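*Asks:* Provided herewith is a single structure, encoded as structure tokens, for subsequent inquiry.
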2 protein chains.
Amino acid sequence: MKIAMIQNNYIVGDFEGNFKKIEKSILENSKQDMIVFSELCVSGYYPWDLIHRPHFITKQEKSLEQIKELSKNTDAHIVVGAVTKNENGVGKDFFNSLLVFHQGKQVFSYDKKLLPTYNIFDEKRHFEEGTKSGLAELKINGKKTRVGFFICEDGWNDESYDYITNPVKQVAQEGASIFITINASPSNLGKLQQREHIFSKIAKRYGIPLVYVNQVGANDDIVFDGSSFVFDKNGEKQVQMKFFQEDSYVYDSLKNNKSIEKTPDKYEFIFEQVGLGMKDYMSKIGIKGIVLGCSGGVDSALVAALGALHLGKENVLAITMPSKYSSSGSVTDSEDLCNRLGVKLLNMPIKSEFDAYRESFKKDAGIELKGVAEENLQARIRGMMLMAMSNQDNLFVMGTSNLSETSVGYTTIYGDAVGAYSPIAGLLKTDVYGLCHWINQKFGEIIPPSIIEKAPSAELAPGQKDSDNLPDYDHLDAIIKQELFWNHLSEKEQSETQNLIDEVDENLYKKVLKLIDQSEFKRRQAPMAARVYPMTYGSGRKIPVVQRLIAPVFDHAPQYQSKRKH
Amino acid sequence: MKIAMIQNNYIVGDFEGNFKKIEKSILENSKQDMIVFSELCVSGYYPWDLIHRPHFITKQEKSLEQIKELSKNTDAHIVVGAVTKNENGVGKDFFNSLLVFHQGKQVFSYDKKLLPTYNIFDEKRHFEEGTKSGLAELKINGKKTRVGFFICEDGWNDESYDYITNPVKQVAQEGASIFITINASPSNLGKLQQREHIFSKIAKRYGIPLVYVNQVGANDDIVFDGSSFVFDKNGEKQVQMKFFQEDSYVYDSLKNNKSIEKTPDKYEFIFEQVGLGMKDYMSKIGIKGIVLGCSGGVDSALVAALGALHLGKENVLAITMPSKYSSSGSVTDSEDLCNRLGVKLLNMPIKSEFDAYRESFKKDAGIELKGVAEENLQARIRGMMLMAMSNQDNLFVMGTSNLSETSVGYTTIYGDAVGAYSPIAGLLKTDVYGLCHWINQKFGEIIPPSIIEKAPSAELAPGQKDSDNLPDYDHLDAIIKQELFWNHLSEKEQSETQNLIDEVDENLYKKVLKLIDQSEFKRRQAPMAARVYPMTYGSGRKIPVVQRLIAPVFDHAPQYQSKRKH
């Protein structure tokens with residue numbers, strides 16, 4: 001059986017555009033036996049409450065009719081993912097379904113059984129769990145073929161579910177000769193390895209080859225890496241499709257046709273993940289250029305470099321906005337950086353604005369601004385300059401905060417925390433350094449070493465250093481890893497992380513955990529950010545702003561491991 | 001049977017504080033037969049992912065042990081709501097449970113069966129559905145008594161669920177002589193009437209009296225109105241407890257002891273709802289005072305009045321920040337308002353800041369700021385003045401945007417959209433006027449009529465009026481009602497709303513719907529706001545930022561009605 005695996009980049013709710021991509025792939029693969037698209041490809045994943053709009057279903061029906069029409073002109077079975085109505089009268093109104101079209105007819109349908117409701121997933125909000133088997137008996141090349149279909153999460157629980165509720169085991173026991181799974185599996189560090197582990201095991205356990213089709217592209221804060229694959233019945237990888245790009249591949253189940261794309265290492269993965277997140281967020285909204293504040297520090301340097309490399313240097317505008325507390329390096333290093341990147345840099349000192357505010361407060365309110373008020377004022381003047389430039393030239397302001405800073409609230413709301421998108425808010429400070437080094441190795445020394453080597457500082461007060469108020473970043477990042485995704489670390493990583501945490505003073509450790517919770521209000525107003533780690537702020541982590549479970553015990557044990565994996 | 005109904009205000013994750021409240025209520029009611037608290041009273045509702053923190057369960061176990069200890073000193077059955085562990089090894093790790101303690105023992109437990117996963121609810125994220133019956137056979141006053149327990153959502157689906165899955169019908173058929181339901185039922189306009197309708201019907205249908213205990217207070221954007229009640233077996237209301245306040249009441253099922261608090265009308269309801277939302281958000285975080293920008297318009301006037309009435313005039317600081325486009329009334333009306341309210345007003349013109357920015361852009365970037373960039377600049381200078389004052393004096397900036405503006409994005413992000421909390425972002429502009437009139441009637445003319453009567457304007461450009469770009473507010477609000485909560489309108493309201501919409505030019509109608517979707521990115525960075533309508537922005541509405549199901553058809557049909565009610 002020749003199976004065309006289609007790894008496309010869809011836009012949520014863009015039925016016309018998504019159909020055009022599907023149509024193109026069908027026409028290109030009309031000679032194959034089967035053409036397999038990803039989960040909810042017709043609407044894009046994840047449509048959220050758009051599902052409840054009546055024209056969502058109307059438009060989707062039209063797309064499905066068109067796909068059915070197309071199936072008249074090919075002998076291929078066309079496998080798509082779509083929202084279907086639950087006509088049972090009980091439970092949620094919809095299913096998350098897999099539909100098979102053949103020669104002008106819908107010949108099979110399957111409804112996803114295991115609906116994820118953790119991390120970024122909330123599928124029980126819209127879908128009812130399916131009850132039908134995923135086993136389809138299809139006539140392929142004149143031969144009856146038993147295909148075992150399932151959808152994404154259905155495949156992630158093979159070891160913990162018994163026969164009745166395990167969709168994989170069920171189709172295997174009903175005689176599937178091949179597994180075909182359609183997916184919208186979000187990407188994060190470690191996910192490729194996790195998928196490989198789980199699905200190679202499934203193929204091997206049942207002795208059935210497995211075809212895994214994923215989507216690619218970013219929708220809001222969720223990035224999909226593509227990287228569809230095939231495991232043979234021994235659990236050996238036969239096909240590894242491209243990472244972070246649209247791709248298609250024809251897998252012939254009768255031939256030994258190995259084709260393996262090289263798996264990216266950690267920093268290449270991060271580079272592509274945040275690049276795709278940023279590019280898709282912008283292009284799907286329709287904005288080409290960005291503007292960012294360039295402080296001479298490593299975070300803004302990385303954002304400028306990511307912008308230049310992913311969007312083109314002509315689409316990046318940097319502004320350096322020195323205040324009286326800025327080091328001389330803040331301007332000269334920014335100039336050096338922008339020269340190397342070929343990016344335009346404006347120098348707009350904020351002294352006159354700063355003086356105007358201070359003067360108004362003195363004259364009109366009798367107040368001498370000081371401390372945090374004065375520090376934040378500088379950051380906010382810069383935020384406003386960027387926003388004015390954004391309004392003036394239709395540019396997206398790129399946030400330059402990283403995950404370490406947003407964790408402990410070491411950002412100024414409406415100041416350096418402004419932005420349409422935050423490409424590095426998913427990266428720990430230690431990752432920021434790592435990625436800068438990787439970029440310099442890969443693309444030549446485009447980030448000045450002087451920027452990478454200087455001690456981090458917000459430069460909002462005389463001689464200020466980040467480490468004045470916080471543990472150094474190695475230790476801070478260890479605490480954040482523990483708080484955010486301890487369960488996702490390997491045993492080795494857990495032990496390394498724990499060793500670092502043990503070196504932190506108890507009071508400082510408690511202070512950091514408290515800051516993480518107390519900064520929740522800032523993150524609620526933070527720009528959208530590309531997800532990088534398996535658990536991070538944003539749609540996957542739901543912690544109330546008002547709550548008092550803040551002060552943790554020192555021997556902060558790992559979080560409960562949910563019985564469902566993923 | 002004498003049942004003490006306890007309507008307390010809990011803080012999420014505040015196990016010590018919540019226990020103290022529970023202890024006090026137990027001690028005060030130790031002579032009664034039963035003391036009934038609300039859903040998840042031990043931890044506060046809704047704890048979200050705090051549930052996964054190990055000390056959540058440890059602390060909760062300690063509270064439950066203490067409650068069990070207290071039950072030794074009374075003959076009362078103590079009914080509480082708490083998170084319990086699911087030890088079955090399949091599915092989610094926890095249940096949302098009701099526990100009954102009596103004389104030092106846990107004598108009964110029930111796990112919520114119907115877990116809501118719509119609007120603001122996401123209980124399948126943390127909880128597994130219960131399987132046990134809610135029928136408890138308790139020895140009360142030496143007499144075996146069959147009590148039918150259920151939890152919140154369990155009671156909202158009586159008509160659509162058959163015996164097997166209907167928790168209410170099940171306990172009725174198993175011989176319950178009384179229904180007791182514990183709740184954390186969020187408040188919104190129309191909710192009181194909805195509850196009354198559903199639960200009086202249940203009592204009447206089965207001929208069984210029903211005791212309904214709800215919590216009160218606000219946690220994040222969700223407000224609970226309390227308003228616990230009892231219906232007798234004929235569906236007649238016997239008890240109506242207080243609205244928006246802590247309260248307790250002892251209901252004697254053998255006596256005719258009617259006690260009915262008067263139901264608030266629309267504007268009293270809104271006044272109390274947003275007041276409680278604001279007060280609890282502030283007091284639970286520990287902030288006493290607010291600062292707001294006073295434009296001379298009706299929105300900021302209402303926020304100032306709400307602040308003065310709910311927090312005390314001494315805790316409100318208003319700042320008027322005129323620009324060259326401000327009408328003279330913007331200052332004089334603000335002075336008049338603040339005199340009437342007894343609130344301190346500062347006059348801080350923004351000319352020097354505005355000039356400084358314009359000058360910098362001209363000198364350092366060769367740019368003459370104009371159009372939206374110039375308009376937004378003024379709003380953002382004001383936002384920064386407020387934030388500087390907030391930092392200086394530890395005040396919360398109150399947002400002054402209303403629901404009509406946030407719907408169509410008629411706010412400046414990082415400008416007038418700044419704030420720690422937005423008390424009126426749940427109110428349509430037409431409600432803003434209504435509430436101003438109600439306040440003036442109730443508290444004397446504390447909002448100057450000149451403010452209520454002037455045409456709404458952002459005053460960011462010469463002679464600007466809101467109606468230049470948008471339909472007038474009667475028509476705009478009709479479109480927003482249709483988009484947000486059409487299904488929650490009565491038939492009469494639907495017909496009135498439709499009539500208004502029919503008067504709107506088709507292109508303008510389409511423009512508004514498009515603006516609603518395109519402003520999603522602004523709302524993602526908006527301050528927390530008290531919910532007022534059954535469906536509103538914030539945690540209950542999940543629409544992607546990047547999506548293309550924007551342009552709707554003109555005959556925008558009502559949204560699909562979910563088969564589950566609520």
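Ligands are numbered from 1 in the order shown, chains are lettered A, B, ... in the order of the structure tokens, and residues start at 1 in each chain.
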I need the chain A residues near chain B as an MDAnalysis selection string; criterion: at most 6 Å, counting only C-alpha atoms.

*Replies:* chainID A and resid 12:14 48:49 52:54 117:118 125 220 348 352:353 356 364 373 388 391:392 414 525:526 542:543 546:549 559:560

*Asks:* Which residues in stretch 389-464 of chain A does DSSP call helix (DSSP H, G or I)? List them as a short mmCIF file (atom, residue, chain, number, x, y, z; two decimals) with all heavy atoms, in the first residue's frame.

*Replies:*
```
data_model
loop_
_atom_site.label_atom_id
_atom_site.label_comp_id
_atom_site.auth_asym_id
_atom_site.auth_seq_id
_atom_site.Cartn_x
_atom_site.Cartn_y
_atom_site.Cartn_z
N MET A 389 6.23 53.63 17.69
CA MET A 389 6.85 53.22 16.43
C MET A 389 6.01 52.13 15.77
O MET A 389 5.85 52.09 14.55
CB MET A 389 8.27 52.73 16.71
CG MET A 389 9.13 52.63 15.48
SD MET A 389 9.37 54.23 14.64
CE MET A 389 10.81 54.84 15.51
N SER A 390 5.49 51.24 16.59
CA SER A 390 4.62 50.17 16.09
C SER A 390 3.39 50.75 15.40
O SER A 390 3.04 50.36 14.28
CB SER A 390 4.20 49.27 17.27
OG SER A 390 3.04 48.55 16.98
N ASN A 391 2.74 51.69 16.04
CA ASN A 391 1.56 52.34 15.46
C ASN A 391 1.91 53.11 14.19
O ASN A 391 1.16 53.12 13.23
CB ASN A 391 0.93 53.32 16.46
CG ASN A 391 0.16 52.62 17.57
OD1 ASN A 391 0.09 53.11 18.68
ND2 ASN A 391 -0.42 51.46 17.28
N GLN A 392 3.06 53.77 14.24
CA GLN A 392 3.46 54.62 13.14
C GLN A 392 3.75 53.80 11.87
O GLN A 392 3.33 54.16 10.78
CB GLN A 392 4.72 55.41 13.56
CG GLN A 392 5.16 56.49 12.60
CD GLN A 392 4.23 57.69 12.64
OE1 GLN A 392 3.57 57.96 13.65
NE2 GLN A 392 4.13 58.40 11.53
N ASP A 393 4.47 52.70 12.05
CA ASP A 393 4.96 51.95 10.88
C ASP A 393 4.36 50.55 10.73
O ASP A 393 4.87 49.75 9.94
CB ASP A 393 6.49 51.83 10.95
CG ASP A 393 7.18 53.15 10.60
OD1 ASP A 393 6.45 54.07 10.18
OD2 ASP A 393 8.40 53.24 10.77
N LEU A 403 12.15 33.38 30.06
CA LEU A 403 11.33 32.59 30.99
C LEU A 403 11.77 32.79 32.44
O LEU A 403 10.93 32.76 33.35
CB LEU A 403 11.42 31.11 30.59
CG LEU A 403 10.59 30.11 31.38
CD1 LEU A 403 9.11 30.45 31.35
CD2 LEU A 403 10.82 28.69 30.84
N SER A 404 13.06 32.99 32.66
CA SER A 404 13.55 33.20 34.03
C SER A 404 12.97 34.50 34.59
O SER A 404 12.51 34.55 35.74
CB SER A 404 15.07 33.26 34.04
OG SER A 404 15.61 32.12 33.41
N GLU A 405 13.00 35.55 33.78
CA GLU A 405 12.48 36.84 34.22
C GLU A 405 10.97 36.81 34.42
O GLU A 405 10.47 37.32 35.43
CB GLU A 405 12.79 37.92 33.18
CG GLU A 405 14.26 38.28 33.06
CD GLU A 405 14.55 39.13 31.83
OE1 GLU A 405 13.71 39.17 30.90
OE2 GLU A 405 15.62 39.75 31.79
N THR A 406 10.25 36.24 33.45
CA THR A 406 8.79 36.24 33.59
C THR A 406 8.37 35.35 34.77
O THR A 406 7.34 35.58 35.38
CB THR A 406 8.07 35.77 32.32
OG1 THR A 406 8.59 34.50 31.96
CG2 THR A 406 8.30 36.72 31.17
N SER A 407 9.20 34.36 35.09
CA SER A 407 8.87 33.52 36.24
C SER A 407 8.83 34.33 37.52
O SER A 407 7.88 34.24 38.29
CB SER A 407 9.91 32.40 36.39
OG SER A 407 9.77 31.45 35.37
N VAL A 408 9.86 35.12 37.76
CA VAL A 408 9.95 35.83 39.04
C VAL A 408 9.45 37.27 38.94
O VAL A 408 9.56 38.03 39.89
CB VAL A 408 11.39 35.80 39.59
CG1 VAL A 408 11.77 34.38 40.00
CG2 VAL A 408 12.39 36.35 38.58
N LYS A 429 17.06 31.75 31.07
CA LYS A 429 18.23 32.61 30.79
C LYS A 429 19.43 31.75 30.36
O LYS A 429 20.18 32.14 29.45
CB LYS A 429 18.59 33.41 32.05
CG LYS A 429 19.69 34.44 31.82
CD LYS A 429 19.14 35.70 31.18
CE LYS A 429 20.20 36.81 31.11
NZ LYS A 429 19.62 38.10 30.75
N THR A 430 19.58 30.59 30.98
CA THR A 430 20.70 29.72 30.59
C THR A 430 20.53 29.24 29.13
O THR A 430 21.51 29.05 28.42
CB THR A 430 20.81 28.53 31.55
OG1 THR A 430 19.51 28.02 31.82
CG2 THR A 430 21.44 28.95 32.87
N ASP A 431 19.29 29.07 28.69
CA ASP A 431 19.04 28.71 27.28
C ASP A 431 19.36 29.88 26.36
O ASP A 431 19.79 29.69 25.22
CB ASP A 431 17.57 28.34 27.04
CG ASP A 431 17.11 27.19 27.90
OD1 ASP A 431 17.91 26.26 28.11
OD2 ASP A 431 15.95 27.23 28.36
N VAL A 432 19.09 31.10 26.85
CA VAL A 432 19.37 32.29 26.05
C VAL A 432 20.86 32.32 25.70
O VAL A 432 21.24 32.50 24.54
CB VAL A 432 18.95 33.57 26.81
CG1 VAL A 432 19.51 34.82 26.13
CG2 VAL A 432 17.43 33.65 26.91
N TYR A 433 21.70 32.09 26.70
CA TYR A 433 23.14 32.05 26.44
C TYR A 433 23.47 30.91 25.48
O TYR A 433 24.24 31.08 24.52
CB TYR A 433 23.92 31.88 27.75
CG TYR A 433 23.92 33.12 28.60
CD1 TYR A 433 23.25 33.16 29.81
CD2 TYR A 433 24.61 34.25 28.18
CE1 TYR A 433 23.24 34.30 30.60
CE2 TYR A 433 24.61 35.41 28.96
CZ TYR A 433 23.91 35.43 30.17
OH TYR A 433 23.91 36.57 30.92
N GLY A 434 22.89 29.76 25.75
CA GLY A 434 23.18 28.59 24.91
C GLY A 434 22.81 28.84 23.45
O GLY A 434 23.57 28.51 22.53
N LEU A 435 21.65 29.48 23.24
CA LEU A 435 21.20 29.72 21.88
C LEU A 435 22.08 30.78 21.19
O LEU A 435 22.36 30.68 19.99
CB LEU A 435 19.72 30.14 21.88
CG LEU A 435 19.05 30.28 20.52
CD1 LEU A 435 19.20 29.02 19.66
CD2 LEU A 435 17.56 30.62 20.68
N CYS A 436 22.51 31.79 21.95
CA CYS A 436 23.42 32.81 21.38
C CYS A 436 24.70 32.13 20.89
O CYS A 436 25.18 32.41 19.78
CB CYS A 436 23.76 33.86 22.42
SG CYS A 436 22.43 35.03 22.72
N HIS A 437 25.26 31.26 21.70
CA HIS A 437 26.49 30.56 21.29
C HIS A 437 26.23 29.70 20.05
O HIS A 437 27.03 29.68 19.11
CB HIS A 437 27.01 29.69 22.44
CG HIS A 437 27.66 30.48 23.54
ND1 HIS A 437 28.77 31.26 23.33
CD2 HIS A 437 27.33 30.63 24.85
CE1 HIS A 437 29.11 31.86 24.48
NE2 HIS A 437 28.24 31.49 25.41
N TRP A 438 25.10 29.00 20.04
CA TRP A 438 24.76 28.14 18.90
C TRP A 438 24.64 28.98 17.62
O TRP A 438 25.15 28.61 16.57
CB TRP A 438 23.46 27.40 19.19
CG TRP A 438 23.05 26.44 18.12
CD1 TRP A 438 23.42 25.13 17.99
CD2 TRP A 438 22.21 26.73 16.98
NE1 TRP A 438 22.86 24.58 16.87
CE2 TRP A 438 22.12 25.53 16.22
CE3 TRP A 438 21.53 27.87 16.53
CZ2 TRP A 438 21.36 25.45 15.05
CZ3 TRP A 438 20.79 27.78 15.36
CH2 TRP A 438 20.72 26.59 14.63
N ILE A 439 23.96 30.13 17.74
CA ILE A 439 23.78 31.02 16.58
C ILE A 439 25.14 31.52 16.08
O ILE A 439 25.42 31.52 14.88
CB ILE A 439 22.85 32.20 16.94
CG1 ILE A 439 21.39 31.71 17.01
CG2 ILE A 439 22.98 33.35 15.94
CD1 ILE A 439 20.39 32.76 17.48
N ASN A 440 25.99 31.92 17.02
CA ASN A 440 27.31 32.42 16.61
C ASN A 440 28.14 31.33 15.93
O ASN A 440 28.88 31.60 14.98
CB ASN A 440 28.06 32.99 17.81
CG ASN A 440 27.68 34.45 18.06
OD1 ASN A 440 26.90 35.02 17.29
ND2 ASN A 440 28.21 35.04 19.11
N GLN A 441 27.99 30.11 16.41
CA GLN A 441 28.71 29.00 15.78
C GLN A 441 28.18 28.72 14.38
O GLN A 441 28.91 28.44 13.45
CB GLN A 441 28.57 27.73 16.63
CG GLN A 441 29.70 27.59 17.63
CD GLN A 441 29.77 26.17 18.15
OE1 GLN A 441 28.77 25.49 18.24
NE2 GLN A 441 30.98 25.73 18.49
N LYS A 442 26.87 28.78 14.27
CA LYS A 442 26.22 28.40 13.01
C LYS A 442 26.31 29.50 11.94
O LYS A 442 26.47 29.22 10.77
CB LYS A 442 24.75 28.08 13.32
CG LYS A 442 23.86 27.85 12.13
CD LYS A 442 23.43 26.42 11.99
CE LYS A 442 22.54 26.26 10.78
NZ LYS A 442 22.30 24.86 10.45
N PHE A 443 26.13 30.74 12.38
CA PHE A 443 26.00 31.83 11.40
C PHE A 443 27.18 32.80 11.43
O PHE A 443 27.09 33.90 10.88
CB PHE A 443 24.69 32.60 11.64
CG PHE A 443 23.45 31.76 11.50
CD1 PHE A 443 22.80 31.25 12.62
CD2 PHE A 443 22.95 31.44 10.23
CE1 PHE A 443 21.66 30.45 12.49
CE2 PHE A 443 21.81 30.66 10.11
CZ PHE A 443 21.17 30.16 11.23
N PRO A 449 30.51 39.07 21.29
CA PRO A 449 30.88 38.38 22.53
C PRO A 449 30.77 39.30 23.75
O PRO A 449 30.41 38.84 24.83
CB PRO A 449 32.33 37.97 22.28
CG PRO A 449 32.46 37.90 20.80
CD PRO A 449 31.54 38.92 20.25
N SER A 450 31.02 40.60 23.56
CA SER A 450 30.93 41.52 24.70
C SER A 450 29.52 41.53 25.28
O SER A 450 29.32 41.72 26.48
CB SER A 450 31.32 42.94 24.26
OG SER A 450 30.46 43.37 23.21
N ILE A 451 28.52 41.34 24.43
CA ILE A 451 27.13 41.30 24.91
C ILE A 451 26.89 40.01 25.69
O ILE A 451 26.25 40.01 26.74
CB ILE A 451 26.15 41.41 23.72
CG1 ILE A 451 26.15 42.85 23.18
CG2 ILE A 451 24.75 40.99 24.14
CD1 ILE A 451 25.19 43.09 22.03
N ILE A 452 27.41 38.91 25.16
CA ILE A 452 27.16 37.62 25.81
C ILE A 452 27.88 37.56 27.15
O ILE A 452 27.40 36.95 28.10
CB ILE A 452 27.61 36.47 24.89
CG1 ILE A 452 26.86 36.56 23.55
CG2 ILE A 452 27.37 35.12 25.55
CD1 ILE A 452 27.22 35.49 22.54
N GLU A 453 29.02 38.26 27.25
CA GLU A 453 29.85 38.10 28.45
C GLU A 453 29.51 39.04 29.60
O GLU A 453 29.89 38.80 30.73
CB GLU A 453 31.34 38.24 28.07
CG GLU A 453 31.87 36.96 27.42
CD GLU A 453 32.97 37.24 26.40
OE1 GLU A 453 33.61 38.31 26.50
OE2 GLU A 453 33.15 36.39 25.51
#
```

*Asks:* Residues within 9 Å of stretch 149-155 of chain A, please, as number ranges by chain. Count only C-alpha atoms; anything in the same chain fewer than 5 positions from it doesn't count.

*Replies:* A: 38-39, 81, 96-98, 110-116, 133-136, 166-168, 171, 176, 178-185, 198-199, 202, 212, 214, 566

*Asks:* Just to confirm, what's the straight-line distance from atom CA of A:Ser228 to atom CA of A:Leu138 in Å (one decimal)?

*Replies:* 23.0 Å

*Asks:* Report, in Å with one decimal, the straight-line distance from atom CA of A:Gly342 to atom CA of A:Thr320.

*Replies:*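 We find that atom CA of A:Gly342 and atom CA of A:Thr320 lie 15.2 Å from each other.
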
*Asks:* Extract the full set of strand (DSSP E) residues from stretch 327-390 of chain B according to DSSP on the backbone, and format it as a list in words.

*Replies:*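 Residues meeting the strand (DSSP E) criterion: Lys344, Leu345, Leu346 and Asn347 of chain B.
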
*Asks:* Choose the residue, out of A:Lys481, A:Lys139, A:Arg205, A:Lys344, that has the smallest atom-to-atom separation from A:Leu513; count only C-alpha atoms.

*Replies:*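 Of A:Lys481, A:Lys139, A:Arg205, A:Lys344, the one nearest A:Leu513 is A:Lys481, counting only C-alpha atoms.
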
*Asks:* What is the distance, in Å and to one decimal place, between atom CA of B:Leu192 and atom CA of B:Leu309?

*Replies:*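 Atom-to-atom, atom CA of B:Leu192 to atom CA of B:Leu309, that is 24.0 Å.
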
*Asks:* Do a neighbour search on stretch 461-474 of chain B at 8 Å with only C-alpha atoms, toss out local chain neighbours closer than 2 positions, and write the hits as an NGL selection string.

*Replies:* :B and (325 or 375 or 404 or 429-430 or 455-459 or 476-478 or 500 or 504 or 508 or 512)

*Asks:* Quick one: everything within 9 Å of A:Ala301, counting only C-alpha atoms, minus sequence neighbours fewer than 4 positions away in the same chain. Send it as JSON, numbers by chain.

*Replies:* {"A": [294, 295, 296, 297, 305, 306, 334, 337, 338, 400, 436, 447, 448, 451, 452]}

*Asks:* Can you pull out every residue within 9 Å of B:Val239, counting only C-alpha atoms, but drop anything in the same chain fewer than 6 positions away, and send it as a list in words?

*Replies:*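 With the cut-off at 9 Å, the set is Val211, Ser228, Phe229, Val230, Phe231, Tyr249, Tyr251, Asn257, Lys258, Ser259, Ile260 and Glu261 of chain B.
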
*Asks:* Those selected residues, please, written with C-alpha atoms and delivered as a PDB file, in the first residue's frame.

*Replies:*
```pdb
ATOM      1  CA  VAL B 211     -31.523  22.675  50.576  1.00  0.00           C
ATOM      2  CA  SER B 228     -28.433  30.022  49.267  1.00  0.00           C
ATOM      3  CA  PHE B 229     -32.032  28.819  49.485  1.00  0.00           C
ATOM      4  CA  VAL B 230     -34.525  26.124  50.425  1.00  0.00           C
ATOM      5  CA  PHE B 231     -37.496  24.924  48.384  1.00  0.00           C
ATOM      6  CA  TYR B 249     -29.314  30.230  58.499  1.00  0.00           C
ATOM      7  CA  TYR B 251     -33.576  25.627  58.434  1.00  0.00           C
ATOM      8  CA  ASN B 257     -40.098  28.900  59.054  1.00  0.00           C
ATOM      9  CA  LYS B 258     -40.172  31.103  56.012  1.00  0.00           C
ATOM     10  CA  SER B 259     -37.343  33.662  55.689  1.00  0.00           C
ATOM     11  CA  ILE B 260     -36.900  35.456  52.393  1.00  0.00           C
ATOM     12  CA  GLU B 261     -34.333  38.131  51.563  1.00  0.00           C
TER      13      GLU B 261
END
```
